[in-house]
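Here is the structure we will look at, set down as structure tokens.
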Amino acid sequence: MAHRPPRTFRQRRADSSDSDSAEEPSAEPGAPGDQAVPGPEEEGPPPGGGRAEAAERPLRGRGSRGRGRGRGPVWATSRRAAGAATRVDGGSGVPESSTDDLSTDEEDGTYNASENKDDQSSSSNSSSSLEEEFSSVVNIPDAAFIQAARRKRELARAQEDYISLDVKHNSTISDMKKNSDEDSESEPDDHEKRILFTLKPQTLRQRMAEETTIRNEETSEESQEDENQDIWEQQQMRKAVKITEGRDIDLSHSEFQTVKKFDTSILFPPVNLEIIKKQLNTRLTLLQDTHRSHLREYEKYIEDVKSSKSAIQNLENSSNQALNFKFYKSMKIYVENLIDCLNEKIINIQEIESSMHALLLKQAVTLTKRRQDELKHESMYLQQLSRKGETSTNGSVAIDEKTQWILEEVESRRARRRQARTLSGDCDHQEGTSSDDELSSADMTDFQKSQGDILQDHKKIFEDVHDDFCNIQNILLKFQQWREKFPDSYYEAFIGLCIPKLLNPLIRVQLIDWNPLKFDSIGLKQMPWFTSIEEFMDDSMEDSKKEDSSDKKILSTVINKTIIPQLTDFIEFIWDPLSTSQTTSLITHCRMILEEHSTCENEVSKGKQDLLKSIVSRMKKAIEDDVFIPLYPKSDVENKTSPHSKFQERQFWSALKLFHNILLWIGLVPDDTLQELGLGKLLNRYLIVALLNAIPGPDVVKKCSQITAYLPEKWFENSAMRTSIPQLEHFIQFLLQSAQKLSRSEFRDEVKEIILILVKIRALTQAESFIEEYHLDHLKSVINQV
């Protein structure tokens with residue numbers, strides 16, 4: 001016990017001050033974390049007499065200086081290990097005093113909350129030894145003693161009705177026992193005590209000690225694991241390299257890296273120089289590829305740096321930024337004003353354009369309706385004339401006044417045309433080939449007056465507009481300046497695609513007075529807008545850097561978006577396919593548009609298809625509505641001066657004229673379409689039927705020769721052809737029948753004309769068969785010449 005470390009215990013200051021206890025410091029009341037600072041006399045073991053006097057002195061409660069934490073009075077006790085050992089070994093009165101102290105502590109059941117933290121962090125071995133020593137001298141009261149003490153306390157409460165707070169501090173052992181018994185009895189019974197379900201709060205020193213212990217345990221476990229890991233690695237390395245037994249290498253504590261010694265008895269595969277060389281070449285190739293990629297990236301970066309420096313230099317050297325900004329701003333304002341002007345005028349343009357189109361449409365409808373009415377009334381008249389029973393007593397046909405007036409008007413116009421042809425010397429004209437589009441003087445006056453009013457309104461459209469906003473040449477000059485000064489921005493803005501849209505209203509204004517059906521109408525190439533656009537495009541083509549620029553497509557786009565729709569409207573509503581003059585003029589304009597200005601096929605193809613569809617549709621409608629060839633008895637048509645014969649002749653030549661006008665579209669309309677319309681629907685269905693009903697003779701041969709003259713030579717250019725095209729099969733059979741009839745009559749000279757017609761249409765096989773069959777050897781020379 002003498003070698004145990006000294007422990008310092010706190011001691012409460014008693015009411016009576018003495019020389020021994022006066023030097024001991026007192027603890028601050030109520031401070032939970034206070035720690036008693038030992039005085040000089042506590043550093044060593046105090047003398048025995050002082051310790052005995054302190055033990056015999058009754059201990060005083062805290063009273064007004066301090067109170068326990070929710071508990072009864074707490075008594076301070078000196079638990080010095082060395083003093084306890086001295087009292088146990090010997091000394092008068094020590095055991096008894098120790099017993100009183102411990103019993104008092106047991107009855108209280110708790111120590112002061114502010115007890116020194118060094119007591120709780122002391123060694124567990126020394127604490128257990130001290131408790132064993134104290135337990136050997138403590139007398140535990142029995143049950144009878146405890147029950148007697150309780151009865152005594154109950155009697156005292158019943159007599160005085162209160163518990164005295166006056167505590168007498170006697171130094172005798174009996175008083176201390178009595179106080180301890182009373183305190184113990186004042187505590188509640190076991191079943192009355194509060195059961196704590198939470199752990200007792202630990203002090204800061206206890207938590208620090210616990211954390212230190214846990215940390216030390218973890219460190220020791222990790223060090224143990226590392227040591228085990230090192231041992232396992234050492235074993236594995238020994239197995240791998242087969243180190244000789246008995247050699248112990250401590251890898252975990254060695255300061256220098258150990259050198260592995262391999263067993264020379266291990267056999268490795270033989271070295272193949274080809275494999276090594278191949279691997280080295282592969283590695284070298286990979287490095288070379290990487291090097292080349294790095295060089296390419298380096299060159300790219302160098303070029304980027306050069307271009308950036310060049311751009312910076314160009315920007316720094318450009319001193320006319322203000323002028324450039326001024327130009328762009330003025331161009332922006334000009335384009336905005338131009339668009340506003342055109343948006344305002346487009347309504348007037350559409351109204352005037354519609355008025356002119358309505359006027360022309362009214363004229364075309366009037367002429368068509370008049371022709372159909374005249375045809376209807378004349379046919380009815382001839383039918384009535386053929387009926388003998390409907391004639392009056394004087395031999396005239398009973399007709400109404402309207403039919404009579406129409407017939408007189410028709411005959412008067414024919415007389416005027418015959419007189420005009422006589423004056424001009426045209427004696428070969430056939431009745432029925434005239435267009436008959438003459439208007440009466442009143443109708444002509446009204447038409448001219450309405451047309452003049454429209455043209456007057458047309459001139460007023462841009463009378464309040466400056467030339468820079470209505471003159472196409474001035475507008476293109478503005479954009480040409482932009483293209484010359486700043487070509488990059490000009491082409492990046494796709495101005496070539498915007499110009500056709502800007503010029504569309506202005507071009508439509510110039511086309512208001514343009515009629516492609518008139519024989520003397522001005523051509524597109526002679527129009528101001530056409531020449532201005534061509535000059536603008538020619539200047540653009542001088543720039544070799546922009547060979548695929550959109551400026552080269554301006555004219556084709558204008559034709560596709562502006563001209564072709566105009567032509568389509570004329571073809572669908574105004575064009576008369578029976579008029580050769582209208583057809584010839586229309587073909588001239590269409591040929592120029594579709595052939596000479598089809599540089600951009602993708603742009604014009606859709607417009608071209610729409611235009612051709614309208615042409616074919618109008619010709620089909622003309623064949624169905626305007627072709628009418630009546631068939632009369634031969635007795636009525638034998639007399640060439642009879643009205644039936646004249647009417648039939650006029651209708652035949654009118655149909656033949658339409659046949660001619662249809663075939664004029666060769667080269668523009670596909671050949672299959674022309675053959676279907678001209679040969680299939682018109683020649684075989686109408687013309688040949690009329691010829692079969694006619695009397696064979698020179699007139700029939702003349703008509704056949706005229707039909708052959710209208711056939712395009714392009715269809716018979718192949719010299720190897722021995723038979724004609726399939727659509728002419730019926731026509732060839734009619735020619736052979738006519739030749740057979742004529743060979744037996746007095747018109748044998750016309751047989752040669754028929755053979756020439758067969759040779760012209762490449763029906764050589766049929767011509768040879770006919771010559772051999774009728775022994776016309778003198779006509780073989782005609783075939784031999786071909």
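Just so we're on the same page: first chain in the structure tokens is A, next is B, and so on; residues restart at 1 for each chain, and ligands are numbered from 1 in the order they show up.
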
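The environment of Phe447 (chain A) within 9 Å, counting only C-alpha atoms and disregarding residues fewer than 5 places along the same chain, consists of Leu359, Leu360, Gln363, Ala442 and Gly452 of chain A.
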
Take the residues that were just selected and, keeping N, CA, C and O atoms, output them as an mmCIF file, in the first residue's frame.
```cif
data_model
loop_
_atom_site.group_PDB
_atom_site.id
_atom_site.type_symbol
_atom_site.label_atom_id
_atom_site.label_comp_id
_atom_site.auth_asym_id
_atom_site.auth_seq_id
_atom_site.Cartn_x
_atom_site.Cartn_y
_atom_site.Cartn_z
ATOM 1 N N LEU A 359 -61.230 42.632 -118.870
ATOM 2 C CA LEU A 359 -61.612 43.202 -120.167
ATOM 3 C C LEU A 359 -61.257 42.260 -121.311
ATOM 4 O O LEU A 359 -62.076 42.012 -122.223
ATOM 5 N N LEU A 360 -60.059 41.715 -121.291
ATOM 6 C CA LEU A 360 -59.642 40.774 -122.333
ATOM 7 C C LEU A 360 -60.450 39.488 -122.270
ATOM 8 O O LEU A 360 -60.790 38.897 -123.311
ATOM 9 N N GLN A 363 -63.824 40.046 -123.853
ATOM 10 C CA GLN A 363 -63.734 40.040 -125.311
ATOM 11 C C GLN A 363 -63.603 38.628 -125.856
ATOM 12 O O GLN A 363 -64.268 38.257 -126.852
ATOM 13 N N ALA A 442 -69.416 49.364 -132.498
ATOM 14 C CA ALA A 442 -69.805 49.749 -131.136
ATOM 15 C C ALA A 442 -69.008 48.987 -130.099
ATOM 16 O O ALA A 442 -68.504 49.559 -129.108
ATOM 17 N N GLY A 452 -58.417 52.244 -122.581
ATOM 18 C CA GLY A 452 -57.761 53.528 -122.350
ATOM 19 C C GLY A 452 -57.872 53.990 -120.908
ATOM 20 O O GLY A 452 -56.906 54.528 -120.340
#
```

Contacts of Trp575 (chain A) within 10 Å, only C-alpha atoms, excl. fewer than 2 positions in-chain, as a PyMOL selection string: chain A and resi 360-361+364+516-517+567-573+577-579+582-583+586+615+618-619

Gln737 (chain A) surroundings by only C-alpha atoms, 12 Å radius, close-in-sequence under 4 positions cut, as number ranges by chain: A: 691-692, 696-697, 700-701, 730-733, 741-744, 751, 754-755, 766-767, 770

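We find CA of Trp665 (chain A) and CA of Ile587 (chain A) to be spaced 6.9 Å apart.
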
For Pro505 (chain A), the nearest of the candidates A:Ser435, A:Gln480, A:Gln288, A:Asn348, counting only C-alpha atoms: A:Asn348
